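> To be precise about what I am sending: the file is called protein26.cif and holds mmCIF, C-alpha atoms.
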data_query
loop_
_atom_site.label_atom_id
_atom_site.label_comp_id
_atom_site.auth_asym_id
_atom_site.auth_seq_id
_atom_site.Cartn_x
_atom_site.Cartn_y
_atom_site.Cartn_z
CA MET A 1283 10.41 33.99 37.60
CA LYS A 1284 9.25 30.65 38.98
CA ASP A 1285 5.54 29.90 39.39
CA PRO A 1286 4.09 30.31 42.92
CA LEU A 1287 3.72 26.58 43.55
CA SER A 1288 7.37 25.89 42.66
CA LEU A 1289 8.53 28.73 44.90
CA PHE A 1290 6.36 27.47 47.75
CA LEU A 1291 7.68 23.91 47.50
CA LEU A 1292 11.28 25.10 47.21
CA THR A 1293 10.95 27.48 50.15
CA LYS A 1294 9.34 24.72 52.24
CA SER A 1295 12.23 22.38 51.44
CA LEU A 1296 14.81 25.01 52.36
CA LEU A 1297 13.03 25.91 55.58
CA GLN A 1298 13.22 22.25 56.57
CA GLN A 1299 16.96 22.41 55.91
CA VAL A 1300 17.19 25.50 58.11
CA ARG A 1301 15.74 23.63 61.10
CA HIS A 1302 18.55 21.09 60.82
CA SER A 1303 21.49 23.20 59.69
CA ARG A 1304 20.53 26.70 60.91
CA LEU A 1305 20.98 28.30 57.50
CA ASN A 1306 20.29 32.04 57.50
CA PHE A 1307 17.60 33.87 55.55
CA SER A 1308 20.03 35.35 53.00
CA PHE A 1309 21.15 31.82 52.11
CA ILE A 1310 17.52 30.82 51.50
CA CYS A 1311 17.04 33.77 49.14
CA TYR A 1312 20.24 32.87 47.31
CA LYS A 1313 19.16 29.24 46.88
CA ILE A 1314 15.72 30.24 45.54
CA CYS A 1315 17.22 32.60 42.96
CA HIS A 1316 20.38 30.76 41.93
CA MET A 1317 19.39 27.32 40.74
CA TRP A 1318 21.05 24.69 38.56
CA TYR A 1319 19.37 24.19 35.18
CA VAL A 1320 20.22 21.42 32.71
CA ILE A 1321 21.26 22.46 29.21
CA GLN A 1322 21.27 20.00 26.33
CA THR A 1323 23.87 20.20 23.58
CA LYS A 1324 25.65 17.91 21.14
CA THR A 1325 27.53 14.98 22.66
CA GLY A 1326 31.24 15.72 22.57
CA LYS A 1327 30.64 19.49 22.40
CA GLU A 1328 30.20 20.10 26.13
CA GLU A 1329 33.33 22.20 26.67
CA VAL A 1330 32.91 24.09 23.38
CA THR A 1331 29.33 24.94 24.32
CA LYS A 1332 30.39 25.97 27.82
CA GLN A 1333 32.94 28.41 26.38
CA LEU A 1334 30.41 29.83 23.89
CA ILE A 1335 27.86 30.38 26.65
CA GLU A 1336 30.40 32.10 28.87
CA ASP A 1337 31.47 34.32 25.97
CA LYS A 1338 27.98 35.32 24.84
CA LEU A 1339 26.00 35.52 28.10
CA SER A 1340 26.62 38.23 30.65
CA SER A 1341 27.56 37.30 34.21
CA ASP A 1342 24.23 38.78 35.32
CA LEU A 1343 22.42 36.02 33.44
CA CYS A 1344 24.93 33.19 33.72
CA GLU A 1345 26.56 32.98 37.12
CA GLU A 1346 28.31 29.74 36.25
CA CYS A 1347 28.32 27.14 33.48
CA ILE A 1348 29.37 23.67 34.58
CA VAL A 1349 30.49 20.49 32.87
CA LEU A 1350 30.72 17.61 35.33
CA TYR A 1351 33.35 14.94 34.79
CA CYS A 1352 34.20 11.51 36.14
CA GLU A 1353 37.46 9.62 36.19
CA THR A 1354 37.72 6.19 34.59
CA LYS A 1355 40.56 3.90 33.62
CA ARG A 1356 41.30 2.57 30.15
CA LYS A 1357 43.93 0.05 29.14
CA TYR A 1358 46.10 0.66 26.11
CA LEU A 1359 49.75 0.05 25.22
CA GLY A 1360 49.68 -2.67 27.88
CA GLU A 1361 48.99 -0.29 30.78
CA TRP A 1362 46.01 1.23 32.58
CA HIS A 1363 45.64 4.98 32.15
CA LEU A 1364 43.50 7.39 34.16
CA GLU A 1365 41.12 9.38 31.96
CA LYS A 1366 38.48 12.03 32.47
CA LYS A 1367 35.19 12.08 30.58
CA PRO A 1368 31.87 13.99 30.85
CA MET A 1369 29.60 12.46 33.45
CA PHE A 1370 26.54 13.45 31.41
CA PRO A 1371 27.47 13.34 27.71
CA GLY A 1372 25.51 15.98 25.81
CA TYR A 1373 24.53 17.93 28.92
CA LEU A 1374 25.87 20.72 31.09
CA PHE A 1375 24.54 22.78 33.98
CA LEU A 1376 23.94 26.52 34.18
CA VAL A 1377 23.40 28.52 37.36
CA THR A 1378 20.96 31.40 36.86
CA GLU A 1379 17.99 33.21 38.40
CA ASP A 1380 16.36 33.96 35.01
CA PRO A 1381 16.11 30.79 32.89
CA ARG A 1382 13.70 32.34 30.35
CA ALA A 1383 16.11 35.16 29.53
CA VAL A 1384 18.96 32.66 29.32
CA ASN A 1385 16.99 30.45 26.95
CA MET A 1386 16.39 33.43 24.64
CA GLU A 1387 20.11 34.26 24.68
CA LEU A 1388 21.00 30.63 23.97
CA LYS A 1389 19.54 31.09 20.48
CA LYS A 1390 22.66 33.12 19.73
CA VAL A 1391 24.90 30.15 20.53
CA PRO A 1392 25.86 28.30 17.30
CA GLU A 1393 25.75 24.87 18.95
CA LEU A 1394 22.40 23.23 19.56
CA THR A 1395 21.48 24.30 23.08
CA LYS A 1396 18.29 24.44 25.12
CA ILE A 1397 17.29 24.40 28.78
CA LEU A 1398 15.41 21.25 29.68
CA GLY A 1399 11.89 21.61 31.05
CA TYR A 1400 8.27 21.12 30.15
CA GLU A 1401 7.30 23.32 27.18
CA ASP A 1402 7.96 26.89 28.44
CA ASP A 1403 8.33 25.90 32.10
CA PHE A 1404 12.04 25.57 32.87
CA VAL A 1405 12.63 23.26 35.82
CA PRO A 1406 15.78 23.45 37.97
CA ILE A 1407 17.24 20.33 39.49
CA LYS A 1408 16.15 19.73 43.08
CA PRO A 1409 18.33 20.91 45.98
CA GLU A 1410 19.03 17.32 47.01
CA GLU A 1411 20.08 16.45 43.44
CA GLU A 1412 22.43 19.43 43.35
CA ALA A 1413 23.84 18.48 46.76
CA PHE A 1414 24.48 14.91 45.57
CA LEU A 1415 26.31 16.05 42.44
CA LYS A 1416 28.42 18.45 44.47
CA ARG A 1417 29.20 15.69 46.95
CA ILE A 1418 30.55 13.25 44.38
CA THR A 1419 32.37 15.80 42.18
CA GLY A 1420 33.77 18.14 44.86
CA GLU A 1421 35.41 21.49 44.19
CA ASN A 1422 37.12 20.24 41.02
CA LEU A 1423 33.76 19.13 39.53
CA VAL A 1424 35.26 15.68 38.89
CA ALA A 1425 34.04 12.40 40.38
CA GLU A 1426 37.40 10.79 41.08
CA MET A 1427 38.14 7.07 40.93
CA SER A 1428 36.92 4.86 43.73
CA TYR A 1429 38.61 1.72 45.03
CA GLY A 1430 37.01 -1.16 46.89
CA VAL A 1431 36.98 -4.82 47.80
CA GLN A 1432 34.55 -7.61 47.12
CA GLU A 1433 33.35 -9.86 49.93
CA GLY A 1434 31.18 -12.52 48.32
CA ASP A 1435 28.34 -10.64 46.66
CA ARG A 1436 29.03 -7.53 48.72
CA ILE A 1437 31.07 -4.55 47.52
CA ILE A 1438 32.80 -2.33 50.08
CA VAL A 1439 34.24 0.93 48.75
CA GLU A 1440 37.29 1.84 50.83
CA GLU A 1441 38.40 4.99 49.02
CA GLY A 1442 36.91 7.57 46.65
CA VAL A 1443 33.61 9.30 45.94
CA LEU A 1444 31.54 6.10 46.19
CA LYS A 1445 32.63 5.37 49.75
CA GLY A 1446 29.46 5.08 51.80
CA LEU A 1447 27.31 5.09 48.65
CA GLU A 1448 27.42 1.38 47.90
CA SER A 1449 23.61 1.23 47.95
CA ILE A 1450 23.33 3.25 44.72
CA ILE A 1451 25.65 0.92 42.77
CA ARG A 1452 23.59 -1.12 40.32
CA LYS A 1453 26.28 -2.91 38.30
CA ILE A 1454 30.04 -3.36 38.31
CA ASP A 1455 32.29 -4.12 35.36
CA ARG A 1456 35.50 -5.36 36.99
CA HIS A 1457 37.29 -5.72 33.65
CA LYS A 1458 36.66 -2.09 32.67
CA ARG A 1459 36.96 -0.90 36.28
CA ARG A 1460 33.67 0.94 36.23
CA ALA A 1461 30.42 1.03 38.18
CA LEU A 1462 26.92 1.94 37.07
CA ILE A 1463 25.18 4.03 39.72
CA GLU A 1464 21.62 5.27 39.94
CA MET A 1465 20.43 8.77 40.85
CA ASN A 1466 17.40 11.01 40.42
CA LEU A 1467 17.61 13.99 38.09
CA LEU A 1468 14.72 16.17 36.89
CA GLY A 1469 12.18 13.68 38.15
CA GLU A 1470 13.72 10.70 36.37
CA VAL A 1471 15.92 7.85 37.53
CA ARG A 1472 19.18 8.02 35.61
CA GLN A 1473 22.13 5.68 35.48
CA ILE A 1474 25.64 7.07 35.15
CA GLU A 1475 29.03 5.41 34.86
CA ILE A 1476 31.76 6.16 37.39
CA GLY A 1477 35.23 4.71 37.85
CA LEU A 1478 35.45 1.92 40.44
CA GLU A 1479 38.34 -0.51 40.72
CA ILE A 1480 37.98 -3.68 42.79
CA VAL A 1481 41.50 -4.09 44.13
CA ARG A 1482 40.97 -7.46 45.77
CA LYS A 1483 38.51 -10.13 46.80
CA ALA A 1484 38.27 -10.76 50.52
#
Output the file's structure in the form of structure tokens.

Amino acid sequence: MKDPLSLFLLTKSLLQQVRHSRLNFSFICYKICHMWYVIQTKTGKEEVTKQLIEDKLSSDLCEECIVLYCETKRKYLGEWHLEKKPMFPGYLFLVTEDPRAVNMELKKVPELTKILGYEDDFVPIKPEEEAFLKRITGENLVAEMSYGVQEGDRIIVEEGVLKGLESIIRKIDRHKRRALIEMNLLGEVRQIEIGLEIVRKA
């Protein structure tokens, strides 16, 4: 169970959402109980770890285990190829209402796994962080390629997940067709790489 202060702050945040979106009480209860927690594992072992967790943890404990991906382009054999890679190498997300029980069960998983938090206090990602990740990855859990134009020093994304999110772009590598974006996660500012191709200069 979460500590009283965390529950109070989360409930307050959700009640504010209710005023704007008219969410019902059952949705609030669901959001409080079913949170996204970050699990650390070995880089390159995200899908293997996901499968092990799904095999060893009951659906009562693990509602869903998620590896988020992003599309990028890589040039080889003289052509550009669309590829998919983990958005957070070495990390995955687990949806649960009992993180302590999950953490105990994770000791049965052969790969190195642990829920991130502070000592024995397991901290879920914030609702707004979850909403942002869902926005850019969609139902397929993949942040698809974006395409834009450059007008002087200004970048305008015309198509893809970064459309309307130009303000979070911190750096662009036109040669590799990638953008470095900035987001908050677990109280820290993190930079992640997402595919962005500048198709022309205006």
> Expressed in Å to a single decimal, how great is the separation between atom CA of A:Lys1355 and atom CA of A:Glu1440?
17.6 Å
> Going by the chain IDs and residue numbers used in this file, which residues fall under the PyMOL selection byres ((chain A and resi 1394) around 8)? Write them as a ChimeraX atom specification.
/A:1322-1324,1391-1393,1395-1396
> Ranking A:Lys1327, A:Lys1408, A:Lys1390, A:Arg1472 by minimum distance to A:Gly1372 and counting only C-alpha atoms, which one comes first?
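Among A:Lys1327, A:Lys1408, A:Lys1390, A:Arg1472, it is A:Lys1327 that comes nearest to A:Gly1372.
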> Run the PyMOL selection byres ((chain A and resi 1375) around 8) on the file and write out the hits as a PyMOL selection string.
chain A and resi 1318-1321+1347-1349+1373-1374+1376-1377
> Restricting the calculation to all atoms listed in the file, which member of A:Arg1452, A:Lys1332, A:Arg1417, A:Arg1356 is positioned closest to A:Glu1479?
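Using all atoms listed in the file, A:Glu1479 sits closest to A:Arg1356.
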> In Å, rounded to a single decimal, give me how far atom CA of A:Glu1387 is from atom CA of A:Tyr1351.
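Taking atom CA of A:Tyr1351 as the start and atom CA of A:Glu1387 as the end point, the length is 25.5 Å.
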> Please compute the atom CA of A:Pro1381-atom CA of A:Glu1328 distance, one decimal, in Å.
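If I compute the distance from atom CA of A:Pro1381 to atom CA of A:Glu1328, I get 18.9 Å.
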> Between A:Gln1432, A:Ser1449, A:Thr1378, A:Asn1466, which is the closest to A:Ala1413 once you count only C-alpha atoms?
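Of A:Gln1432, A:Ser1449, A:Thr1378, A:Asn1466, the one nearest A:Ala1413, counting only C-alpha atoms, is A:Asn1466.
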> Which of these residues is nearest to A:Lys1445, using all atoms listed in the file: A:Met1465, A:Leu1423, A:Ile1418, A:Val1330?
A:Ile1418
> Using only C-alpha atoms, find all polymer residues with an atom at most 8 Å away from the point (23.3, 3.1, 35.7); report them as a PyMOL selection string.
chain A and resi 1451-1453+1461-1464+1472-1475
> Using only C-alpha atoms - which residues lie no farther than 9 Å from the point (34.1, 1.3, 37.6) in the file's frame? Write them as a PyMOL selection string.
chain A and resi 1354-1355+1427-1429+1453-1462+1475-1480
> Rank nothing, just name the residue among A:Asp1337, A:Glu1441, A:Glu1411, A:Glu1345 nearest to A:Leu1388, using all atoms listed in the file.
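The shortest atom-to-atom distance to A:Leu1388 comes from A:Asp1337.
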> Would you mind listing what lies within 12 Å of A:Asp1380 as a PDB file with C-alpha atoms, keeping the file's coordinate frame, with only C-alpha atoms counted and same-chain residues fewer than 5 positions away left out?

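The file below, around_21.pdb, is the result:
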ATOM      1  CA  MET A1283      10.410  33.990  37.600  1.00  0.00           C
ATOM      2  CA  LYS A1284       9.250  30.650  38.980  1.00  0.00           C
ATOM      3  CA  ILE A1314      15.720  30.240  45.540  1.00  0.00           C
ATOM      4  CA  CYS A1315      17.220  32.600  42.960  1.00  0.00           C
ATOM      5  CA  HIS A1316      20.380  30.760  41.930  1.00  0.00           C
ATOM      6  CA  MET A1317      19.390  27.320  40.740  1.00  0.00           C
ATOM      7  CA  TRP A1318      21.050  24.690  38.560  1.00  0.00           C
ATOM      8  CA  TYR A1319      19.370  24.190  35.180  1.00  0.00           C
ATOM      9  CA  LEU A1339      26.000  35.520  28.100  1.00  0.00           C
ATOM     10  CA  SER A1340      26.620  38.230  30.650  1.00  0.00           C
ATOM     11  CA  SER A1341      27.560  37.300  34.210  1.00  0.00           C
ATOM     12  CA  ASP A1342      24.230  38.780  35.320  1.00  0.00           C
ATOM     13  CA  LEU A1343      22.420  36.020  33.440  1.00  0.00           C
ATOM     14  CA  CYS A1344      24.930  33.190  33.720  1.00  0.00           C
ATOM     15  CA  GLU A1345      26.560  32.980  37.120  1.00  0.00           C
ATOM     16  CA  ASN A1385      16.990  30.450  26.950  1.00  0.00           C
ATOM     17  CA  MET A1386      16.390  33.430  24.640  1.00  0.00           C
ATOM     18  CA  GLU A1387      20.110  34.260  24.680  1.00  0.00           C
ATOM     19  CA  ILE A1397      17.290  24.400  28.780  1.00  0.00           C
ATOM     20  CA  ASP A1403       8.330  25.900  32.100  1.00  0.00           C
ATOM     21  CA  PHE A1404      12.040  25.570  32.870  1.00  0.00           C
ATOM     22  CA  VAL A1405      12.630  23.260  35.820  1.00  0.00           C
ATOM     23  CA  PRO A1406      15.780  23.450  37.970  1.00  0.00           C
TER      24      PRO A1406
END
> Box in all listed atoms of stretch 1331-1347 of chain A, axis-aligned, with 3 Å more on each side; write out centre and edge lengths in Å to one decimal as lines of an AutoDock Vina configuration file.

center_x = 27.7
center_y = 31.9
center_z = 30.5
size_x = 16.5
size_y = 19.8
size_z = 19.2
> So, counting only C-alpha atoms, which residue among A:Glu1353, A:Leu1467, A:Gly1326, A:Leu1334 is closest to A:Gly1442?
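Using only C-alpha atoms, the shortest distance to A:Gly1442 belongs to A:Glu1353.
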